[in-house]
Structures are given as C-alpha cells and as structure tokens.
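J.: Take a look at my_file29.csv, CSV, C-alpha atoms:
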```csv
chain,number,residue,atom,x,y,z
A,1,PRO,CA,0.0,0.0,0.0
A,2,ILE,CA,1.1,3.5,-0.7
A,3,GLY,CA,0.7,6.1,2.0
A,4,VAL,CA,0.9,9.9,1.8
A,5,LEU,CA,3.4,11.7,4.0
A,6,LEU,CA,2.5,15.3,4.7
A,7,GLN,CA,5.3,17.7,5.7
A,8,VAL,CA,4.8,21.1,7.1
A,9,ASN,CA,7.3,23.7,6.2
A,10,GLY,CA,7.4,27.4,5.9
A,11,ASN,CA,5.7,27.5,2.5
A,12,GLY,CA,2.7,25.4,3.5
A,13,VAL,CA,1.8,21.7,3.4
A,14,ARG,CA,3.5,19.6,0.9
A,15,GLY,CA,2.6,15.9,0.1
A,16,SER,CA,4.8,13.2,-1.2
A,17,HIS,CA,4.1,9.5,-2.0
A,18,GLU,CA,6.1,6.9,-0.3
A,19,LEU,CA,5.8,3.1,0.1
A,20,ALA,CA,4.3,2.1,3.3
A,21,HIS,CA,6.9,-0.6,3.9
A,22,PRO,CA,10.3,0.5,5.2
A,23,PRO,CA,12.7,2.0,2.7
A,24,THR,CA,15.2,-0.2,1.0
A,25,THR,CA,18.5,0.6,-0.6
A,26,GLY,CA,18.6,1.4,-4.3
A,27,THR,CA,20.4,-1.8,-5.2
A,28,THR,CA,17.9,-4.1,-3.4
A,29,GLN,CA,15.0,-2.2,-4.8
A,30,THR,CA,16.4,-2.4,-8.3
A,31,SER,CA,17.2,-6.1,-8.1
A,32,ASN,CA,13.7,-6.8,-6.6
A,33,ARG,CA,12.1,-4.9,-9.4
A,34,LYS,CA,14.2,-6.8,-12.0
A,35,SER,CA,13.2,-10.1,-10.5
A,36,GLN,CA,9.5,-9.1,-10.6
A,37,VAL,CA,9.9,-8.1,-14.2
A,38,LEU,CA,11.7,-11.3,-15.1
A,39,ALA,CA,9.1,-13.4,-13.3
A,40,GLY,CA,6.4,-11.6,-15.2
A,41,LYS,CA,8.3,-12.1,-18.5
A,42,ASN,CA,8.9,-15.8,-17.8
A,43,GLN,CA,5.1,-16.2,-17.1
A,44,LEU,CA,4.3,-14.4,-20.3
A,45,GLU,CA,6.7,-16.5,-22.3
A,46,GLY,CA,5.3,-19.6,-20.7
A,47,ASP,CA,1.8,-18.5,-21.7
A,48,ARG,CA,3.0,-17.7,-25.2
A,49,LYS,CA,4.7,-21.1,-25.5
A,50,ALA,CA,1.6,-22.9,-24.3
A,51,TYR,CA,-0.5,-21.0,-26.8
A,52,ARG,CA,2.0,-21.6,-29.6
A,53,ASP,CA,2.2,-25.3,-28.9
A,54,GLU,CA,-1.6,-25.5,-28.9
A,55,VAL,CA,-1.8,-23.7,-32.3
A,56,LEU,CA,1.0,-25.7,-33.8
A,57,GLY,CA,-0.5,-28.9,-32.6
A,58,ALA,CA,-3.9,-28.0,-34.2
A,59,SER,CA,-2.1,-27.0,-37.4
A,60,GLU,CA,-0.2,-30.3,-37.4
A,61,ARG,CA,-3.4,-32.3,-37.2
A,62,ARG,CA,-5.0,-30.3,-40.0
A,63,GLY,CA,-1.9,-30.6,-42.1
A,64,LYS,CA,-1.9,-34.4,-41.7
A,65,ILE,CA,-5.5,-34.6,-42.9
A,66,LEU,CA,-4.7,-32.3,-45.9
A,67,PHE,CA,-1.6,-34.4,-46.7
A,68,ALA,CA,-3.5,-37.7,-46.5
A,69,ALA,CA,-6.3,-36.3,-48.8
A,70,SER,CA,-3.8,-35.0,-51.3
A,71,MET,CA,-1.9,-38.4,-51.4
A,72,LEU,CA,-5.2,-40.2,-51.9
A,73,LEU,CA,-6.2,-37.9,-54.8
A,74,VAL,CA,-2.8,-38.3,-56.4
A,75,GLY,CA,-2.9,-42.1,-56.0
A,76,TRP,CA,-6.4,-42.2,-57.4
A,77,SER,CA,-5.5,-40.1,-60.4
A,78,PHE,CA,-2.8,-42.6,-61.4
A,79,SER,CA,-5.3,-45.5,-61.1
A,80,ILE,CA,-7.9,-44.2,-63.6
A,81,PRO,CA,-7.6,-44.9,-67.3
A,82,ILE,CA,-5.1,-43.0,-69.3
A,83,GLU,CA,-7.8,-41.4,-71.5
A,84,LEU,CA,-9.4,-39.8,-68.4
A,85,ARG,CA,-6.1,-38.8,-66.8
A,86,ARG,CA,-4.7,-37.2,-69.9
A,87,ALA,CA,-7.9,-35.4,-70.8
A,88,HIS,CA,-7.6,-31.6,-71.4
A,89,TRP,CA,-10.2,-29.5,-69.7
A,90,CYS,CA,-11.9,-26.5,-71.4
A,91,PHE,CA,-11.4,-23.4,-69.3
A,92,ILE,CA,-12.7,-20.8,-71.7
A,93,ASP,CA,-15.9,-20.6,-73.7
A,94,SER,CA,-14.1,-20.3,-77.1
A,95,CYS,CA,-12.6,-23.8,-76.4
A,96,VAL,CA,-16.0,-25.2,-75.6
A,97,GLN,CA,-17.3,-24.0,-78.9
A,98,ASP,CA,-14.3,-25.1,-81.0
A,99,ARG,CA,-12.9,-28.1,-79.1
A,100,SER,CA,-10.5,-29.1,-81.9
A,101,SER,CA,-8.5,-26.0,-81.4
A,102,CYS,CA,-8.1,-26.8,-77.7
A,103,PHE,CA,-6.9,-30.5,-77.9
A,104,ASP,CA,-10.4,-31.8,-77.9
A,105,CYS,CA,-11.0,-30.6,-74.4
A,106,LEU,CA,-13.8,-31.6,-72.0
A,107,THR,CA,-15.7,-29.5,-69.5
A,108,PHE,CA,-15.3,-30.6,-65.9
A,109,GLY,CA,-18.9,-31.9,-65.9
A,110,GLU,CA,-18.3,-34.0,-69.0
A,111,TRP,CA,-15.1,-35.4,-67.5
A,112,VAL,CA,-16.9,-36.3,-64.3
A,113,GLN,CA,-19.6,-38.1,-66.3
A,114,LYS,CA,-16.9,-40.1,-68.2
A,115,VAL,CA,-15.3,-41.1,-64.8
A,116,LEU,CA,-18.7,-42.2,-63.5
A,117,ALA,CA,-19.4,-44.1,-66.7
A,118,PHE,CA,-16.1,-45.9,-66.3
A,119,TYR,CA,-16.9,-47.0,-62.8
A,120,ALA,CA,-20.4,-48.0,-63.8
A,121,SER,CA,-19.3,-50.1,-66.8
A,122,THR,CA,-16.1,-51.6,-65.4
A,123,PRO,CA,-16.0,-54.5,-63.0
A,124,ALA,CA,-14.7,-53.5,-59.5
A,125,LYS,CA,-11.6,-55.8,-59.9
A,126,ASP,CA,-10.5,-53.7,-62.8
A,127,TRP,CA,-11.0,-50.3,-61.2
A,128,VAL,CA,-7.4,-49.9,-60.1
A,129,HIS,CA,-4.7,-50.2,-62.7
A,130,PHE,CA,-1.7,-48.0,-62.0
A,131,ASP,CA,-0.1,-46.6,-65.1
A,132,PHE,CA,2.8,-44.2,-64.7
A,133,SER,CA,3.5,-43.8,-68.5
A,134,VAL,CA,4.1,-40.4,-70.0
A,135,ASP,CA,2.1,-39.2,-73.0
A,136,PRO,CA,4.4,-39.5,-76.0
A,137,ASN,CA,3.0,-36.3,-77.5
A,138,PHE,CA,4.0,-34.5,-74.4
A,139,ILE,CA,7.6,-35.7,-74.7
A,140,TRP,CA,7.7,-34.7,-78.3
A,141,SER,CA,6.4,-31.2,-77.5
A,142,VAL,CA,8.9,-30.7,-74.7
A,143,GLU,CA,11.8,-31.8,-77.0
A,144,LYS,CA,10.5,-29.4,-79.6
A,145,LEU,CA,10.4,-26.5,-77.1
A,146,THR,CA,13.9,-27.3,-75.7
A,147,GLY,CA,15.5,-28.1,-79.0
A,148,SER,CA,16.9,-31.4,-77.8
```
Could you spell out this file's structure in structure tokens?

T.:
Amino acid sequence: PIGVLLQVNGNGVRGSHELAHPPTTGTTQTSNRKSQVLAGKNQLEGDRKAYRDEVLGASERRGKILFAASMLLVGWSFSIPIELRRAHWCFIDSCVQDRSSCFDCLTFGEWVQKVLAFYASTPAKDWVHFDFSVDPNFIWSVEKLTGS
C-alpha cells in the first residue's frame, strides 16, 4: 500500500508519496524490481509457448488430414484410365465452342460423367490399374520446345 506523507514547512503543506513498507537501498529495490519483471516475463513467455504449442498442434493435425487427402487424390489419379487422366479441360468458352483448337477438351462436368461411366461399366476388380506412363506427344512437345 502507498501512504501519503505530509510535511509542514514554511511554505505550507506539501505531500509526497512513499511506500508504506520500510525504505530499502537502491540496489535491493532495483534487483527486486528486476526479478519481478523477469518473473512476469517468464510467465508471459510460458503462456505464449503454451498457446504456440496449442496452435502448432492443431495445425499439425489439419496438415496431416490435408496431406492424406492429397496423397489419396494423387494415387487415385494414377489409377484411372489414361484417357481420363490425360484429358484436357476446357477453361474458356471459345474452347468449348471449338474443341479441336483446344486439344479436344472436355468440360469438368463432361469429365466427371466419363469417370462415373467408367466406374459403372467396369467390374470393380479392374478399377485400379496403376499406369505411370508419360504421354508421347508431351515428350515430343517438350523436346521441340527445348531443341533437344
């Protein structure tokens, strides 16, 4: 607690604030204040570390889910027939109207219908057939671009 000490002198009453406990030396008071600041800082760092660990843990869990979903999607994409995997998608209206100028592209809806038709017409034992081959036309176009 802080008390007010009033002194009477020739100019009237003057007040000053002093600590109610006995005065300490400057060195003790400074080191005590430093230890209080450090204790508060350590508590704050501990709270921050706990919060950071909580956030990082939640991010790690979400990241694992996203990673697993991505790996399943990539694995699935290599298991569908080559014709579906190598299909070009139409992203602009002019390609939809003149498909031959855009590598005979498909809209996303048409592609999904072809995938569903594949699964409907193919026995389940033939659904997964991993094929990691590269389109020969792609190799030719890369060689043409690089000049090799």

J.: Rounded to one decimal, what separation in Å do you get between atom CA of Ser79 of chain A and atom CA of Trp127 of chain A?

T.: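 That distance, rounded to one decimal, is 7.5 Å.
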
J.: Take atom CA of Tyr51 of chain A and atom CA of Ile65 of chain A and report the distance between them in Å, one decimal.

T.: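 It comes out at 21.7 Å.
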
J.: Can you pull out every residue within 9 Å of Phe103 of chain A, counting only C-alpha atoms, but drop anything in the same chain fewer than 6 positions away, and send it as an MDAnalysis selection string?

T.: chainID A and resid 87:89 95

J.: By how many Å are atom CA of Ser77 of chain A and atom CA of Pro123 of chain A apart?

T.: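 For atom CA of Ser77 of chain A relative to atom CA of Pro123 of chain A, the distance reads 18.0 Å.
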
J.: Given the choices A:Pro136, A:Ile92, A:Val115, A:Glu45, which gets closest to Trp76 of chain A if the distance is worked out from all atoms listed in the file?

T.: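 Of all the options, A:Val115 lies closest to Trp76 of chain A.
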